[in-house]
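Student: Provided below: work26.txt, containing compact mmCIF, C-alpha atoms and all ligand atoms.
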```
# COMPACT_ATOMS: atom_id res chain seq x y z
CA MET A 1 -6.65 -7.23 -0.14
CA ALA A 2 -3.65 -9.52 0.54
CA PRO A 3 -2.71 -9.73 4.22
CA PHE A 4 0.09 -7.48 5.32
CA ASP A 5 3.48 -9.22 5.27
CA VAL A 6 6.33 -7.28 6.82
CA ARG A 7 8.82 -8.87 4.40
CA ASP A 8 7.18 -6.77 1.67
CA VAL A 9 8.25 -3.68 3.63
CA LEU A 10 11.86 -4.82 3.42
CA ALA A 11 11.55 -5.16 -0.37
CA LYS A 12 9.98 -1.69 -0.59
CA LEU A 13 12.74 -0.19 1.53
CA ARG A 14 15.23 -1.38 -1.07
CA GLN A 15 13.04 0.01 -3.87
CA LEU A 16 12.94 3.36 -2.10
CA GLY A 17 16.72 3.37 -2.10
CA LEU A 18 17.11 3.38 1.67
CA SER A 19 20.44 1.71 2.07
CA LEU A 20 20.72 0.24 5.52
CA PRO A 21 23.90 -1.68 6.29
CA ARG A 22 22.23 -4.83 7.64
CA ILE A 23 18.65 -6.03 7.92
CA HIS A 24 17.79 -8.91 10.25
CA TYR A 25 14.35 -10.45 9.82
CA PHE A 26 12.77 -12.80 12.37
CA PRO A 27 9.35 -14.40 11.83
CA VAL A 28 8.93 -14.44 15.63
CA ILE A 29 11.03 -12.77 18.30
CA SER A 30 10.56 -11.70 21.92
CA SER A 31 11.29 -8.03 21.17
CA THR A 32 13.21 -6.43 18.30
CA GLN A 33 14.57 -3.98 20.91
CA ASP A 34 16.41 -6.77 22.70
CA GLU A 35 17.86 -8.22 19.53
CA ALA A 36 18.96 -4.80 18.24
CA SER A 37 20.68 -3.93 21.52
CA ARG A 38 22.35 -7.34 21.60
CA LEU A 39 23.68 -6.73 18.08
CA ALA A 40 24.73 -3.17 18.94
CA ALA A 41 26.60 -4.37 22.02
CA ARG A 42 28.55 -6.67 19.70
CA GLY A 43 29.44 -3.75 17.43
CA ALA A 44 26.56 -3.57 14.91
CA VAL A 45 26.88 -0.39 12.90
CA GLU A 46 24.45 2.51 12.82
CA GLY A 47 21.40 1.78 10.71
CA THR A 48 21.31 -1.94 11.48
CA LEU A 49 17.62 -2.83 11.32
CA VAL A 50 15.84 -5.65 13.14
CA VAL A 51 12.34 -6.50 11.95
CA ALA A 52 9.91 -9.17 13.15
CA GLY A 53 6.72 -10.72 11.86
CA ARG A 54 5.44 -10.83 15.41
CA GLN A 55 6.76 -10.21 18.91
CA THR A 56 5.95 -12.28 21.96
CA GLN A 57 7.14 -9.64 24.43
CA GLY A 58 6.87 -6.38 22.53
CA ARG A 59 7.24 -3.45 24.87
CA GLY A 60 6.15 0.16 24.89
CA ARG A 61 7.06 3.22 26.90
CA LEU A 62 6.55 3.53 30.65
CA GLY A 63 6.69 -0.21 31.27
CA ARG A 64 3.77 -1.07 29.00
CA GLY A 65 3.54 -3.95 26.54
CA TRP A 66 3.13 -3.62 22.80
CA TYR A 67 0.61 -6.03 21.29
CA SER A 68 2.40 -7.45 18.25
CA PRO A 69 0.43 -10.11 16.35
CA MET A 70 1.47 -11.40 12.92
CA GLY A 71 0.15 -9.41 9.97
CA ALA A 72 -1.11 -6.41 11.95
CA GLY A 73 1.90 -4.16 12.14
CA LEU A 74 5.48 -3.30 11.53
CA TYR A 75 7.72 -4.08 14.49
CA ALA A 76 11.20 -2.73 13.94
CA SER A 77 14.24 -1.47 15.82
CA ILE A 78 17.16 0.52 14.43
CA VAL A 79 20.63 0.82 15.95
CA LEU A 80 21.70 4.47 16.25
CA ARG A 81 25.06 5.81 17.31
CA PRO A 82 24.43 9.55 17.75
CA PRO A 83 27.66 11.57 17.83
CA ALA A 84 26.00 14.27 19.99
CA PRO A 85 26.44 14.25 23.81
CA PRO A 86 24.02 11.83 25.54
CA SER A 87 22.32 14.78 27.28
CA ARG A 88 20.97 15.61 23.81
CA TRP A 89 19.65 12.12 23.04
CA PRO A 90 16.15 12.59 24.50
CA VAL A 91 15.38 14.77 21.47
CA LEU A 92 15.52 11.61 19.33
CA SER A 93 11.92 10.88 20.32
CA VAL A 94 10.47 14.07 18.86
CA ILE A 95 12.76 13.97 15.82
CA ALA A 96 11.35 10.52 15.01
CA GLY A 97 7.76 11.38 15.95
CA THR A 98 7.78 14.50 13.80
CA ALA A 99 9.12 12.57 10.82
CA VAL A 100 6.28 10.07 11.21
CA VAL A 101 3.45 12.62 11.25
CA GLU A 102 4.97 14.55 8.34
CA GLU A 103 5.09 11.33 6.31
CA LEU A 104 1.54 10.41 7.32
CA GLU A 105 0.42 13.78 5.99
CA ARG A 106 2.26 13.17 2.70
CA LEU A 107 0.54 9.78 2.46
CA GLY A 108 -2.82 11.51 2.76
CA ALA A 109 -3.78 10.29 6.24
CA PRO A 110 -6.43 12.55 7.80
CA GLU A 111 -5.53 14.64 10.86
CA PRO A 112 -2.10 13.24 11.66
CA ARG A 113 -1.03 14.48 15.08
CA LEU A 114 2.04 14.17 17.27
CA LYS A 115 1.09 13.33 20.82
CA TRP A 116 4.17 14.49 22.66
CA PRO A 117 6.72 13.15 22.86
CA ASN A 118 6.41 10.47 20.22
CA ASP A 119 3.02 8.93 19.58
CA ALA A 120 1.53 9.38 16.13
CA LEU A 121 -2.25 9.67 15.98
CA ILE A 122 -4.70 9.62 13.10
CA LYS A 123 -8.08 11.18 13.91
CA GLY A 124 -7.28 11.01 17.61
CA LYS A 125 -6.29 7.33 17.70
CA LYS A 126 -2.79 5.95 18.02
CA VAL A 127 -1.33 4.55 14.81
CA MET A 128 2.30 4.40 15.86
CA GLY A 129 4.41 4.25 18.99
CA ILE A 130 8.10 4.99 19.22
CA LEU A 131 10.41 3.72 21.92
CA VAL A 132 13.92 5.11 22.37
CA GLU A 133 16.16 3.08 24.65
CA ALA A 134 19.50 4.75 25.27
CA PHE A 135 22.76 3.06 26.27
CA PRO A 136 25.05 6.09 26.41
CA ASP A 137 27.86 4.21 28.20
CA HIS A 138 28.02 1.90 25.20
CA GLY A 139 27.56 4.68 22.63
CA PHE A 140 24.28 3.54 21.12
CA ALA A 141 20.53 3.99 21.27
CA ILE A 142 17.83 1.69 19.94
CA LEU A 143 14.95 3.34 18.13
CA GLY A 144 11.87 1.11 18.22
CA LEU A 145 9.02 1.60 15.77
CA GLY A 146 5.62 0.00 16.21
CA LEU A 147 3.34 0.93 13.31
CA ASN A 148 -0.23 -0.37 13.15
CA VAL A 149 -0.70 -1.28 9.49
CA SER A 150 -3.71 -3.58 9.14
CA PHE A 151 -6.01 -4.78 11.89
CA SER A 152 -8.41 -6.44 9.46
CA GLY A 153 -7.28 -10.03 10.09
CA THR A 154 -6.83 -9.63 13.85
CA THR A 155 -9.12 -9.67 16.84
CA LEU A 156 -7.90 -6.86 19.05
CA PRO A 157 -8.11 -6.75 22.84
CA GLU A 158 -10.86 -4.30 23.77
CA GLU A 159 -8.57 -1.70 25.35
CA ILE A 160 -6.48 -1.50 22.16
CA HIS A 161 -9.54 -1.36 19.95
CA ALA A 162 -10.74 1.71 21.83
CA LYS A 163 -7.53 3.70 21.49
CA ALA A 164 -5.70 2.47 18.41
CA THR A 165 -6.14 2.65 14.67
CA ASP A 166 -4.26 1.34 11.64
CA LEU A 167 -3.07 2.77 8.33
CA GLU A 168 -5.46 0.62 6.32
CA GLN A 169 -8.57 2.38 7.65
CA HIS A 170 -7.34 5.81 6.67
CA LEU A 171 -5.55 5.47 3.36
CA PRO A 172 -7.19 4.98 -0.02
CA ARG A 173 -7.89 1.30 -0.79
CA GLU A 174 -5.47 1.15 -3.67
CA ARG A 175 -2.60 2.23 -1.46
CA ASP A 176 0.21 -0.29 -1.12
CA LEU A 177 0.42 -0.64 2.67
CA ALA A 178 3.91 -2.16 2.65
CA LEU A 179 5.16 0.79 0.62
CA CYS A 180 3.48 3.23 3.01
CA ALA A 181 5.10 1.51 6.00
CA ALA A 182 8.47 1.58 4.22
CA ARG A 183 8.05 5.30 3.58
CA VAL A 184 7.47 5.89 7.29
CA VAL A 185 10.66 4.00 8.18
CA ARG A 186 12.62 5.91 5.54
CA ALA A 187 11.25 9.25 6.79
CA VAL A 188 12.35 8.47 10.35
CA PHE A 189 15.84 7.36 9.38
CA ASP A 190 16.35 10.24 6.91
CA SER A 191 15.21 12.74 9.51
CA TYR A 192 17.68 11.32 12.01
CA ILE A 193 20.53 11.51 9.47
CA ARG A 194 19.61 15.10 8.59
CA SER A 195 19.63 16.05 12.29
CA LEU A 196 23.29 15.05 12.65
CA PRO A 197 25.78 15.79 14.04
CA HIS A 198 24.02 17.81 16.77
CA LEU A 199 20.59 16.12 16.70
CA GLY A 200 19.17 19.45 15.57
CA PHE A 201 15.42 19.83 15.93
CA ASP A 202 13.13 22.57 14.60
CA PRO A 203 10.18 22.89 17.02
CA GLN A 204 8.07 24.80 14.51
CA ARG A 205 7.99 21.82 12.17
CA ALA A 206 6.52 19.69 14.94
CA GLU A 207 4.22 22.31 16.48
CA ARG A 208 2.04 22.27 13.36
CA PHE A 209 1.08 18.69 14.25
CA LEU A 210 1.02 18.89 18.03
CA TRP A 211 -1.95 17.12 19.60
CA THR A 212 -3.66 19.04 22.35
CA THR A 213 -6.96 19.71 24.08
CA ASP A 214 -8.12 22.53 26.37
CA THR A 215 -6.18 21.32 29.38
CA VAL A 216 -3.60 18.59 29.55
CA LYS A 217 -1.58 17.06 32.32
CA VAL A 218 2.02 15.85 32.26
CA GLY A 219 3.05 14.39 35.62
CA SER A 220 2.09 17.01 38.21
CA ILE A 221 1.91 19.87 35.68
CA SER A 222 -1.38 20.80 34.09
CA GLY A 223 -2.09 23.58 31.65
CA ARG A 224 -2.45 24.49 28.01
CA VAL A 225 0.07 23.37 25.44
CA ARG A 226 2.08 26.30 24.06
CA GLY A 227 4.67 24.51 21.97
CA LEU A 228 8.03 22.80 22.03
CA THR A 229 11.61 23.82 22.73
CA SER A 230 14.54 23.01 20.46
CA ASN A 231 15.43 20.31 23.02
CA GLY A 232 12.09 18.64 22.36
CA GLU A 233 10.56 19.62 25.72
CA LEU A 234 6.86 20.40 25.92
CA ILE A 235 5.98 23.98 26.90
CA LEU A 236 2.80 24.34 28.94
CA VAL A 237 1.14 27.42 30.40
CA ASP A 238 -0.27 26.65 33.83
CA GLU A 239 -3.45 28.12 35.36
CA LYS A 240 -1.45 31.07 36.77
CA GLY A 241 -0.14 31.90 33.30
CA HIS A 242 3.39 30.66 34.01
CA GLU A 243 5.33 28.81 31.39
CA VAL A 244 6.42 25.35 32.52
CA ARG A 245 8.46 22.78 30.64
CA ALA A 246 8.12 19.02 30.68
CA ALA A 247 11.12 16.95 29.62
CA PHE A 248 9.52 13.50 29.85
CA GLY A 249 6.25 11.83 30.70
CA GLU A 250 2.93 11.43 29.00
CA VAL A 251 0.29 13.93 28.02
CA THR A 252 -3.24 13.20 29.16
CA ASP A 253 -6.43 15.11 28.47
CA VAL A 254 -7.92 16.57 31.67
CA SER A 255 -10.23 19.11 29.99
CA GLY A 256 -13.36 17.62 31.53
CA ASP A 257 -11.90 17.26 35.07
C1 LIG A 301 4.92 3.11 22.82
O1 LIG A 301 4.06 3.72 22.20
O2 LIG A 301 4.80 2.91 24.03
C2 LIG A 301 6.14 2.62 22.08
C3 LIG A 301 5.86 1.34 21.36
C4 LIG A 301 7.07 0.78 20.64
C5 LIG A 301 6.80 -0.58 20.05
C6 LIG A 301 7.94 -1.05 19.19
S1 LIG A 301 7.51 -2.45 18.23
C7 LIG A 301 9.16 -2.67 17.77
C8 LIG A 301 10.01 -2.39 19.00
N1 LIG A 301 10.13 -3.60 19.80
C9 LIG A 301 9.50 -3.46 20.97
O3 LIG A 301 9.46 -4.35 21.85
N2 LIG A 301 8.96 -2.26 21.08
C10 LIG A 301 9.21 -1.45 19.91
```
Please lay out the structure from this file as structure tokens.

Tutor:
Amino acid sequence: MAPFDVRDVLAKLRQLGLSLPRIHYFPVISSTQDEASRLAARGAVEGTLVVAGRQTQGRGRLGRGWYSPMGAGLYASIVLRPPAPPSRWPVLSVIAGTAVVEELERLGAPEPRLKWPNDALIKGKKVMGILVEAFPDHGFAILGLGLNVSFSGTTLPEEIHAKATDLEQHLPRERDLALCAARVVRAVFDSYIRSLPHLGFDPQRAERFLWTTDTVKVGSISGRVRGLTSNGELILVDEKGHEVRAAFGEVTDVSGD
């Protein structure tokens, strides 16, 4: 199979009819997030897309890095200018994450799950990470998409190998990976557009895909996952049977603890 080239995704996006106002491609960049926010600060319109072949300082949520070698993944950032009040913007994460897992299901990926708030898993391993960076004072947010497409030509650091997977391992061999990646991007952007103007979110759509185990922990809260609110918060039931909500953080499995 030919190595994955992110420029093919850009061609497929056009074929799919996703009309984005501007697409900026960089063979190498520090982080597409930085470039997209620089462009947005200079007035780039909603839907401006920044894509890179590789990133030298890709970043993830909670201060982590995002390993971004050439040919292994899609590294993209989209400028958004949500008309809803900034207090509503945190829901962007679950809107995007839900769109990703729904599209993975349509592509035939086995066991796509949404690990709240916005990681997409296939068979328990992370295939995509989403990073929303909000600049409400400037009226924009940058939606970062890191999709693992093909690890076959890459030697992965051990800690990534243990937790991550790629599309290539889970889709039929004849699948066009660039087209699949383009479909994921289109699904995210379409879902965002459909959520406007209020950034409306239907928790039931996402709950079908929600990743969970017996007991999870988010910050200091531990319990069983019950579902999501229309604001995108995670609803947990603690050991006393009380419902508790988490607005941000990371879900970890503490079933065996
Ligand atoms: C996470 O799971 O922690 C989020 C990862 C987001 C990675 C993407 S890759 C494109 C964009 N540029 C970055 O530096 N990060 C995001």

Student: Tell me, counting all atoms listed in the file, for each residue of chain A within 10 Å of ligand LIG 301 (chain A), which pair of atoms is nearest and how far apart they are in Å to one decimal, in rows ordered by chain and increasing number, as CSV.

Tutor:
```
residue,atom,partner,partner_atom,distance
A:Ile29,CA,A:LIG301,O3,9.3
A:Ser30,CA,A:LIG301,O3,7.4
A:Ser31,CA,A:LIG301,O3,4.2
A:Thr32,CA,A:LIG301,N1,4.4
A:Gln33,CA,A:LIG301,N1,4.6
A:Asp34,CA,A:LIG301,O3,7.4
A:Glu35,CA,A:LIG301,N1,9.0
A:Ala36,CA,A:LIG301,N1,9.0
A:Val50,CA,A:LIG301,C7,8.7
A:Val51,CA,A:LIG301,C7,7.7
A:Ala52,CA,A:LIG301,C7,8.0
A:Arg54,CA,A:LIG301,S1,9.1
A:Gln55,CA,A:LIG301,O3,7.1
A:Thr56,CA,A:LIG301,O3,8.7
A:Gln57,CA,A:LIG301,O3,6.3
A:Gly58,CA,A:LIG301,O3,3.4
A:Arg59,CA,A:LIG301,O3,3.9
A:Gly60,CA,A:LIG301,O2,3.2
A:Arg61,CA,A:LIG301,O2,3.7
A:Leu62,CA,A:LIG301,O2,6.9
A:Gly63,CA,A:LIG301,O2,8.1
A:Arg64,CA,A:LIG301,O2,6.4
A:Gly65,CA,A:LIG301,O2,7.4
A:Trp66,CA,A:LIG301,C5,5.5
A:Tyr67,CA,A:LIG301,C5,8.3
A:Ser68,CA,A:LIG301,S1,7.1
A:Gly73,CA,A:LIG301,S1,8.5
A:Leu74,CA,A:LIG301,S1,7.1
A:Tyr75,CA,A:LIG301,C7,3.8
A:Ala76,CA,A:LIG301,C7,4.3
A:Ser77,CA,A:LIG301,C8,5.4
A:Ile78,CA,A:LIG301,C8,9.0
A:Pro117,CA,A:LIG301,O1,9.8
A:Asn118,CA,A:LIG301,O1,7.4
A:Asp119,CA,A:LIG301,O1,5.9
A:Ala120,CA,A:LIG301,O1,8.7
A:Lys126,CA,A:LIG301,O1,8.3
A:Val127,CA,A:LIG301,O1,9.2
A:Met128,CA,A:LIG301,O1,6.6
A:Gly129,CA,A:LIG301,O1,3.3
A:Ile130,CA,A:LIG301,C2,4.2
A:Leu131,CA,A:LIG301,C2,4.4
A:Val132,CA,A:LIG301,C2,8.2
A:Glu133,CA,A:LIG301,C10,9.6
A:Ile142,CA,A:LIG301,C8,8.9
A:Leu143,CA,A:LIG301,C8,7.6
A:Gly144,CA,A:LIG301,C8,4.0
A:Leu145,CA,A:LIG301,C6,4.5
A:Gly146,CA,A:LIG301,S1,3.7
A:Leu147,CA,A:LIG301,S1,7.3
A:Asn148,CA,A:LIG301,S1,9.5
```

Student: Just the residues within 10 Å of Pro21 of chain A, please, counting all atoms listed in the file, with nothing from its chain fewer than 5 positions along; format it as JSON, numbers by chain.

Tutor: {"A": [44, 45, 46, 47, 48, 49]}

Student: Here is a test: counting all atoms listed in the file, which residue of A:Ala41, A:Ala141, A:Leu104, A:Leu236 is nearest to His170 of chain A?

Tutor: A:Leu104

Student: Counting all atoms listed in the file, which residue out of A:Glu111, A:Val244, A:Pro85, A:Thr213 sits closest to Leu196 of chain A?

Tutor: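 Comparing A:Glu111, A:Val244, A:Pro85, A:Thr213 against Leu196 of chain A, the winner is A:Pro85.
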
Student: Pick out the closest residue to Glu105 of chain A from this set: A:His161, A:Arg194, A:Arg208, A:Arg245. Count only C-alpha atoms.

Tutor: A:Arg208

Student: With only C-alpha atoms as the atoms that count, which of A:Pro203, A:Gly223, A:Pro172, A:Pro83 lies nearest to Leu114 of chain A?

Tutor: A:Pro203

Student: At what distance in Å, to one decimal, does atom CA of His24 of chain A lie from atom CA of Val79 of chain A?

Tutor: 11.6 Å

Student: With a distance cut-off of 7 Å and only C-alpha atoms, select the neighbouring residues of segment 179-192 of chain A, excluding the residue or stretch itself and same-chain residues fewer than 6 positions from it, and output the selection as a list in words.

Tutor: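 Near neighbours after the sequence-gap exclusion: Val9, Lys12, Leu13, Leu18, Ile95, Ala96, Ala99, Val100 and Glu103 of chain A.
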
Student: Mind giving me the straight-line distance from atom CA of Gly232 of chain A to atom CA of Phe201 of chain A in Å, one decimal?

Tutor: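 Atom-to-atom, atom CA of Gly232 of chain A and atom CA of Phe201 of chain A are spaced 7.3 Å apart.
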
Student: Point out the residue among A:Thr252, A:Ala72, A:Asp8, A:Asp257 with the least atom-to-atom distance to Thr155 of chain A, counting only C-alpha atoms.

Tutor: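 Closest to Thr155 of chain A of all the choices is A:Ala72.
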
Student: For Arg81 of chain A, which residue out of A:Ser255, A:Ser37, A:Thr165, A:Asn231 is the nearest one, using all atoms listed in the file?

Tutor: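 Of the candidates, the smallest distance to Arg81 of chain A is held by A:Ser37.
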
Student: Mind giving me the straight-line distance from atom CA of Glu102 of chain A to atom CA of Trp116 of chain A in Å, one decimal?

Tutor: 14.3 Å

Student: Write out as a VMD selection string the residues lying within 8 Å of Phe140 of chain A, counting all atoms listed in the file and excluding same-chain residues fewer than 5 positions away.

Tutor: chain A and resid 40 79 to 82 134 to 135

Student: Store the residues picked out above, limited to C-alpha atoms, as a short mmCIF file (atom, residue, chain, number, x, y, z; two decimals), in the frame of the given file.

Tutor:
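The result, written out as result.cif:
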```cif
data_model
loop_
_atom_site.label_atom_id
_atom_site.label_comp_id
_atom_site.auth_asym_id
_atom_site.auth_seq_id
_atom_site.Cartn_x
_atom_site.Cartn_y
_atom_site.Cartn_z
CA ALA A 40 24.73 -3.17 18.94
CA VAL A 79 20.63 0.82 15.95
CA LEU A 80 21.70 4.47 16.25
CA ARG A 81 25.06 5.81 17.31
CA PRO A 82 24.43 9.55 17.75
CA ALA A 134 19.50 4.75 25.27
CA PHE A 135 22.76 3.06 26.27
#
```
